[in-house]
$ cat upload-v5.cif   # mmCIF, C-alpha atoms
data_upload
#
loop_
_atom_site.label_atom_id
_atom_site.label_comp_id
_atom_site.auth_asym_id
_atom_site.auth_seq_id
_atom_site.Cartn_x
_atom_site.Cartn_y
_atom_site.Cartn_z
CA MET S 1 -93.44 16.75 -140.93
CA ARG S 2 -96.17 19.27 -140.12
CA GLU S 3 -96.16 22.64 -141.87
CA ILE S 4 -97.07 25.92 -140.14
CA SER S 5 -97.37 29.11 -142.14
CA ALA S 6 -95.23 32.04 -141.03
CA ARG S 7 -98.36 34.16 -141.41
CA LYS S 8 -100.05 32.13 -138.65
CA VAL S 9 -97.09 32.83 -136.39
CA THR S 10 -97.35 36.56 -137.05
CA GLU S 11 -101.09 36.55 -136.36
CA ALA S 12 -100.63 34.64 -133.10
CA VAL S 13 -97.84 36.89 -131.82
CA ALA S 14 -99.77 40.06 -132.71
CA HIS S 15 -102.86 38.79 -130.88
CA LEU S 16 -100.97 37.55 -127.82
CA PHE S 17 -99.08 40.79 -127.17
CA GLN S 18 -102.28 42.80 -127.32
CA GLU S 19 -104.08 40.34 -125.05
CA ALA S 20 -101.19 40.38 -122.58
CA ASN S 21 -101.19 44.17 -122.38
CA PHE S 22 -104.96 44.48 -122.00
CA ASN S 23 -105.97 41.48 -119.88
CA LEU S 24 -104.31 40.44 -116.64
CA GLY S 25 -104.28 36.66 -116.15
CA GLU S 26 -106.84 35.04 -113.87
CA ASP S 27 -104.06 33.59 -111.72
CA VAL S 28 -102.70 37.08 -111.05
CA LEU S 29 -106.17 38.49 -110.37
CA ASP S 30 -106.97 35.65 -107.94
CA SER S 31 -103.67 36.19 -106.15
CA LEU S 32 -104.34 39.92 -105.78
CA LYS S 33 -107.84 39.23 -104.40
CA GLN S 34 -106.41 36.80 -101.86
CA ALA S 35 -103.77 39.35 -100.90
CA ILE S 36 -106.46 41.91 -99.98
CA GLY S 37 -107.81 39.51 -97.38
CA LYS S 38 -104.35 38.96 -95.88
CA GLU S 39 -102.89 42.47 -96.11
CA GLU S 40 -102.56 44.03 -92.64
CA SER S 41 -102.11 47.63 -93.79
CA PRO S 42 -105.32 49.59 -94.57
CA LEU S 43 -103.37 51.67 -97.11
CA GLY S 44 -101.94 48.49 -98.60
CA ARG S 45 -105.45 47.08 -99.04
CA GLN S 46 -106.54 50.27 -100.78
CA VAL S 47 -103.60 50.00 -103.19
CA LEU S 48 -104.44 46.38 -103.99
CA GLU S 49 -108.06 47.34 -104.63
CA GLN S 50 -106.90 50.09 -107.00
CA ILE S 51 -104.70 47.61 -108.86
CA LEU S 52 -107.72 45.35 -109.38
CA GLU S 53 -109.81 48.32 -110.52
CA ASN S 54 -107.07 49.27 -112.97
CA ALA S 55 -107.17 45.74 -114.39
CA ARG S 56 -110.95 45.93 -114.74
CA ILE S 57 -110.77 49.22 -116.63
CA ALA S 58 -107.98 47.98 -118.91
CA LYS S 59 -110.02 44.94 -119.90
CA SER S 60 -113.34 46.73 -120.33
CA GLU S 61 -111.91 49.63 -122.33
CA THR S 62 -109.20 47.68 -124.17
CA ILE S 63 -106.38 49.90 -122.99
CA PRO S 64 -102.95 48.94 -121.63
CA LEU S 65 -102.68 47.82 -118.01
CA CYS S 66 -99.57 50.00 -117.71
CA GLN S 67 -98.08 52.85 -119.71
CA ASP S 68 -94.93 50.72 -120.01
CA CYS S 69 -96.00 48.07 -122.53
CA GLY S 70 -92.67 46.33 -122.17
CA ALA S 71 -89.87 44.90 -124.19
CA ALA S 72 -91.24 42.09 -126.36
CA VAL S 73 -89.89 38.87 -124.87
CA VAL S 74 -90.93 35.73 -126.77
CA PHE S 75 -90.39 32.09 -125.82
CA LEU S 76 -90.76 29.51 -128.57
CA GLU S 77 -90.98 25.76 -128.06
CA LEU S 78 -90.55 24.47 -131.60
CA GLY S 79 -91.46 20.86 -132.23
CA GLN S 80 -88.74 19.02 -134.13
CA ASP S 81 -91.40 17.77 -136.57
CA VAL S 82 -92.54 21.30 -137.50
CA HIS S 83 -91.57 23.06 -140.70
CA ILE S 84 -92.24 26.82 -140.95
CA VAL S 85 -93.27 27.64 -144.52
CA ASP S 86 -93.85 30.82 -146.53
CA GLY S 87 -91.37 32.82 -144.50
CA ASP S 88 -88.75 32.94 -141.76
CA LEU S 89 -89.79 32.07 -138.18
CA TYR S 90 -88.00 34.96 -136.47
CA ALA S 91 -89.08 37.45 -139.12
CA ALA S 92 -92.67 36.29 -138.56
CA VAL S 93 -92.33 36.89 -134.82
CA GLU S 94 -90.86 40.37 -135.41
CA GLU S 95 -93.74 41.24 -137.72
CA GLY S 96 -96.21 40.07 -135.08
CA VAL S 97 -94.60 42.37 -132.51
CA ARG S 98 -94.65 45.23 -135.01
CA GLN S 99 -98.36 44.73 -135.72
CA ALA S 100 -99.31 44.32 -132.06
CA TYR S 101 -97.67 47.52 -130.91
CA ASN S 102 -98.95 49.56 -133.86
CA LEU S 103 -102.51 48.23 -134.08
CA GLY S 104 -102.93 48.04 -130.29
CA TYR S 105 -101.60 51.57 -129.73
CA LEU S 106 -99.06 50.13 -127.30
CA ARG S 107 -96.08 52.22 -126.25
CA LYS S 108 -92.92 51.43 -128.21
CA SER S 109 -89.94 51.38 -125.89
CA MET S 110 -86.99 49.82 -127.74
CA ALA S 111 -84.03 52.13 -128.39
CA ARG S 112 -81.11 51.48 -130.75
CA GLN S 113 -77.50 52.04 -129.66
CA PRO S 114 -78.45 51.97 -125.97
CA PHE S 115 -75.22 53.53 -124.69
CA SER S 116 -75.33 56.65 -126.91
CA ALA S 117 -77.96 57.80 -129.42
CA ARG S 118 -80.88 55.78 -127.95
CA VAL S 119 -83.07 56.28 -131.02
CA ASN S 120 -86.50 54.67 -130.69
CA THR S 121 -87.07 51.88 -133.23
CA LYS S 122 -90.72 53.06 -133.44
CA ASP S 123 -92.28 49.56 -133.58
CA ASN S 124 -90.93 47.90 -130.39
CA THR S 125 -88.68 45.58 -132.35
CA PRO S 126 -86.35 43.81 -132.11
CA ALA S 127 -88.02 41.19 -129.98
CA LEU S 128 -86.03 39.11 -127.51
CA ILE S 129 -86.61 35.60 -128.83
CA HIS S 130 -85.66 32.42 -126.96
CA THR S 131 -86.17 29.09 -128.72
CA ASP S 132 -86.15 25.52 -127.44
CA ILE S 133 -86.38 22.56 -129.80
CA VAL S 134 -88.75 19.98 -128.32
CA SER S 135 -90.40 16.76 -129.45
CA GLY S 136 -93.66 16.83 -131.36
CA ASP S 137 -95.25 18.73 -134.23
CA ARG S 138 -96.50 21.87 -132.48
CA LEU S 139 -95.20 25.39 -131.94
CA HIS S 140 -95.82 26.74 -128.43
CA ILE S 141 -95.58 30.54 -128.26
CA THR S 142 -95.39 32.47 -124.98
CA VAL S 143 -95.11 36.25 -124.93
CA LEU S 144 -93.92 38.29 -121.97
CA PRO S 145 -94.12 42.09 -122.20
CA LYS S 146 -91.39 43.01 -119.68
CA GLY S 147 -91.47 46.49 -118.19
CA GLY S 148 -88.27 48.43 -117.66
CA GLY S 149 -88.87 49.34 -114.03
CA SER S 150 -89.01 45.74 -112.84
CA GLU S 151 -86.36 44.49 -115.26
CA ASN S 152 -83.92 47.10 -113.94
CA MET S 153 -84.07 45.39 -110.55
CA SER S 154 -82.61 42.13 -111.93
CA ARG S 155 -79.50 40.81 -110.24
CA LEU S 156 -76.92 38.10 -110.85
CA GLY S 157 -74.92 36.65 -108.00
CA MET S 158 -71.97 34.34 -108.62
CA LEU S 159 -71.99 32.69 -105.22
CA LYS S 160 -69.46 30.32 -103.78
CA PRO S 161 -70.89 26.80 -103.42
CA ALA S 162 -70.10 26.95 -99.69
CA GLU S 163 -72.65 29.76 -99.30
CA GLY S 164 -75.33 27.17 -99.98
CA ARG S 165 -79.03 27.57 -99.41
CA GLN S 166 -78.65 30.46 -96.99
CA GLY S 167 -76.54 32.37 -99.47
CA VAL S 168 -79.32 32.09 -102.06
CA ILE S 169 -81.94 33.29 -99.58
CA ASP S 170 -79.82 36.23 -98.46
CA LEU S 171 -79.18 37.33 -102.06
CA VAL S 172 -82.85 37.17 -103.06
CA VAL S 173 -84.09 39.01 -99.98
CA LYS S 174 -81.45 41.71 -100.32
CA THR S 175 -82.31 42.16 -104.00
CA VAL S 176 -85.98 42.75 -103.16
CA ASP S 177 -85.09 45.02 -100.24
CA ASP S 178 -82.75 47.11 -102.40
CA ALA S 179 -85.42 47.33 -105.12
CA GLY S 180 -87.97 48.84 -102.73
CA SER S 181 -90.84 50.46 -104.60
CA ASN S 182 -89.04 50.60 -107.97
CA PRO S 183 -90.54 47.42 -109.48
CA CYS S 184 -94.13 48.41 -108.53
CA PRO S 185 -94.94 45.83 -105.84
CA PRO S 186 -96.59 43.51 -105.10
CA ILE S 187 -94.10 41.66 -107.23
CA ILE S 188 -93.43 38.16 -108.45
CA VAL S 189 -89.84 37.08 -107.92
CA GLY S 190 -88.22 34.70 -110.40
CA VAL S 191 -85.09 32.93 -109.16
CA GLY S 192 -82.74 30.77 -111.21
CA ILE S 193 -80.08 28.67 -109.49
CA GLY S 194 -77.34 26.80 -111.31
CA GLY S 195 -75.94 26.39 -114.80
CA THR S 196 -73.76 29.33 -115.86
CA SER S 197 -74.41 33.05 -115.46
CA ASP S 198 -76.59 33.24 -118.57
CA LYS S 199 -78.48 30.05 -117.73
CA ALA S 200 -79.28 31.26 -114.21
CA MET S 201 -80.73 34.52 -115.55
CA MET S 202 -82.81 32.66 -118.15
CA LEU S 203 -84.15 30.29 -115.49
CA ALA S 204 -85.13 33.31 -113.40
CA LYS S 205 -87.05 34.86 -116.28
CA LYS S 206 -88.76 31.60 -117.22
CA ALA S 207 -89.82 31.17 -113.59
CA LEU S 208 -92.07 34.20 -114.06
CA LEU S 209 -94.18 32.23 -116.56
CA ARG S 210 -95.42 29.77 -113.96
CA ARG S 211 -98.95 30.26 -112.60
CA VAL S 212 -98.72 32.61 -109.65
CA GLY S 213 -98.03 30.66 -106.48
CA GLU S 214 -97.78 27.27 -108.19
CA PRO S 215 -94.99 25.50 -106.28
CA ASN S 216 -91.96 23.87 -107.83
CA PRO S 217 -92.57 20.10 -108.08
CA ASP S 218 -89.36 19.41 -106.13
CA PRO S 219 -90.32 19.51 -102.40
CA GLU S 220 -86.94 20.94 -101.38
CA VAL S 221 -87.24 23.78 -103.88
CA ALA S 222 -90.89 24.38 -102.96
CA GLU S 223 -89.87 24.75 -99.31
CA MET S 224 -87.28 27.34 -100.33
CA GLU S 225 -89.97 29.23 -102.26
CA ARG S 226 -92.19 29.34 -99.17
CA GLU S 227 -89.36 30.58 -96.96
CA LEU S 228 -88.32 33.21 -99.49
CA LEU S 229 -91.88 34.51 -99.83
CA ALA S 230 -92.23 34.79 -96.06
CA ARG S 231 -88.88 36.55 -95.71
CA VAL S 232 -89.64 38.96 -98.56
CA ASN S 233 -93.05 39.86 -97.16
CA ARG S 234 -91.53 40.55 -93.75
CA LEU S 235 -89.50 43.36 -95.32
CA GLY S 236 -92.54 45.64 -95.05
CA VAL S 237 -92.13 47.25 -98.49
CA GLY S 238 -95.80 46.56 -99.21
CA PRO S 239 -98.04 47.42 -102.17
CA GLN S 240 -96.46 50.18 -104.28
CA GLY S 241 -93.82 50.60 -101.57
CA LEU S 242 -96.26 52.25 -99.16
CA GLY S 243 -95.80 49.67 -96.43
CA GLY S 244 -97.60 46.44 -95.65
CA THR S 245 -97.32 42.69 -95.59
CA THR S 246 -97.75 42.05 -99.33
CA THR S 247 -94.44 42.88 -100.96
CA ALA S 248 -94.59 39.79 -103.20
CA LEU S 249 -97.41 37.60 -104.47
CA ALA S 250 -95.07 34.68 -105.12
CA VAL S 251 -91.48 33.54 -105.39
CA HIS S 252 -90.78 30.99 -108.11
CA VAL S 253 -87.47 29.12 -108.13
CA GLU S 254 -86.01 27.03 -110.96
CA VAL S 255 -82.87 24.92 -110.53
CA PHE S 256 -80.27 23.47 -112.93
CA PRO S 257 -77.05 21.53 -112.23
CA ALA S 258 -73.90 23.64 -111.83
CA HIS S 259 -70.13 23.26 -112.07
CA ILE S 260 -68.52 22.04 -108.84
CA ALA S 261 -66.82 25.45 -108.40
CA SER S 262 -69.87 27.60 -109.15
CA MET S 263 -73.30 28.54 -107.85
CA PRO S 264 -74.79 31.28 -110.02
CA VAL S 265 -78.07 32.77 -108.83
CA GLY S 266 -80.23 34.96 -111.04
CA VAL S 267 -83.07 37.12 -109.72
CA ASN S 268 -85.66 38.57 -112.10
CA ILE S 269 -88.50 40.64 -110.69
CA GLN S 270 -91.91 41.11 -112.27
CA CYS S 271 -94.24 43.95 -111.34
CA HIS S 272 -97.84 43.44 -110.20
CA SER S 273 -98.86 43.79 -113.86
CA ALA S 274 -97.56 40.27 -114.49
CA ARG S 275 -98.44 40.00 -118.17
CA HIS S 276 -97.91 36.92 -120.30
CA LYS S 277 -100.03 34.94 -122.73
CA GLU S 278 -99.48 31.75 -124.71
CA ALA S 279 -100.83 29.80 -127.65
CA VAL S 280 -100.09 26.53 -129.43
CA LEU S 281 -100.08 26.25 -133.22
#
$ encode --input "upload-v5.cif" --output "structure tokens"
Amino acid sequence: MREISARKVTEAVAHLFQEANFNLGEDVLDSLKQAIGKEESPLGRQVLEQILENARIAKSETIPLCQDCGAAVVFLELGQDVHIVDGDLYAAVEEGVRQAYNLGYLRKSMARQPFSARVNTKDNTPALIHTDIVSGDRLHITVLPKGGGSENMSRLGMLKPAEGRQGVIDLVVKTVDDAGSNPCPPIIVGVGIGGTSDKAMMLAKKALLRRVGEPNPDPEVAEMERELLARVNRLGVGPQGLGGTTTALAVHVEVFPAHIASMPVGVNIQCHSARHKEAVL
């Protein structure tokens, strides 16, 4: 049994959320650069260039990429041979979020009693923590600051199995079309197919963690990703909704077995500020 101090967890989470809000990943930057070369709209190219300039300024001046520093989504892969000592694991994560958003001067966006008082919690807690128990003696932490504008465009479709592949494609394309400029395109589209309603939505969110444009290892799913990306980019929404051929940088699909009577499909959209960072303790 390997011991990991709760303090180390807090330190890692605090560091990762600041890094995620200040530094856009190289995979996202590379994808944006490639998009400039492919974008047919002159205005669209200008928008993409401004997005890259924004990322440069954020990194050089250590300021947030976006004024919306996101809800604090945390994925934990906890090795079954790990023992967290000197504190509670979830409390350590919450403290890391608290420190990151205070020390990094990141906007706090979490509101209590969301249907009435909506009082800001003032430290961006509680975090949204998702834990998987895996083999090994390591703790893998991935943080995803998720902005409200893109998250609001999420959709769940409980499709009939007979709707099949085409039903999935139609739902995803319509979701992006309906979203328009709201999620700050160019976007990354996460799609989850199968399981139950909650599983499909979780698959869709986890799909956003994949390197931008990295295909699903299943050839059939990868082909669906390519078709979806082409269909989405033919919508003409374009960068920041101003028209063009780059509505999405990538579509990532994850699949899980489903009940014979069900075909849930979750769609989770990420804005161009596709922020996430990870570390292994």
$ resolve_selection --input "upload-v5.cif" --expression "the PyMOL selection byres ((chain S and resi 145) around 10)" --output "ChimeraX atom specification"
/S:16-18,20-21,68-74,127,143-144,146-148,273-277
$ residues_around --input "upload-v5.cif" --residues "S:Gln99" --least-positions-apart "3" --cutoff "9 Å" --atoms "all atoms listed in the file" --output "ChimeraX atom specification"
/S:10-11,13-15,94-96,102-104,123
$ write_last_selection --input "upload-v5.cif" --atoms "C-alpha atoms" --output "CSV table (one decimal), in the frame of the given file"
chain,number,residue,atom,x,y,z
S,10,THR,CA,-97.4,36.6,-137.0
S,11,GLU,CA,-101.1,36.6,-136.4
S,13,VAL,CA,-97.8,36.9,-131.8
S,14,ALA,CA,-99.8,40.1,-132.7
S,15,HIS,CA,-102.9,38.8,-130.9
S,94,GLU,CA,-90.9,40.4,-135.4
S,95,GLU,CA,-93.7,41.2,-137.7
S,96,GLY,CA,-96.2,40.1,-135.1
S,102,ASN,CA,-99.0,49.6,-133.9
S,103,LEU,CA,-102.5,48.2,-134.1
S,104,GLY,CA,-102.9,48.0,-130.3
S,123,ASP,CA,-92.3,49.6,-133.6
$ axis_aligned_box --input "upload-v5.cif" --around "stretch 223-227 of chain S" --padding-each-side "5 Å" --output "AutoDock Vina command-line options"
--center_x -89.7 --center_y 27.7 --center_z -99.6 --size_x 14.9 --size_y 15.8 --size_z 15.3
$ resolve_selection --input "upload-v5.cif" --expression "the PyMOL selection byres ((chain S and resi 159) around 6)" --output "VMD selection string"
chain S and resid 157 to 158 160 263 to 264
$ resolve_selection --input "upload-v5.cif" --expression "the PyMOL selection byres ((chain S and resi 83) around 7)" --output "list in words"
Met1, Arg2, Glu3, Ile4, Asp81, Val82, Ile84 and Val85 of chain S
$ atom_distance --input "upload-v5.cif" --atom1 "atom CA of S:Gln166" --atom2 "atom CA of S:Leu242"
28.1 Å
$ closest_residue --input "upload-v5.cif" --among "S:Thr131, S:Gln270, S:Asn124, S:Ser116" --to "S:Ala179" --atoms "all atoms listed in the file"
S:Gln270
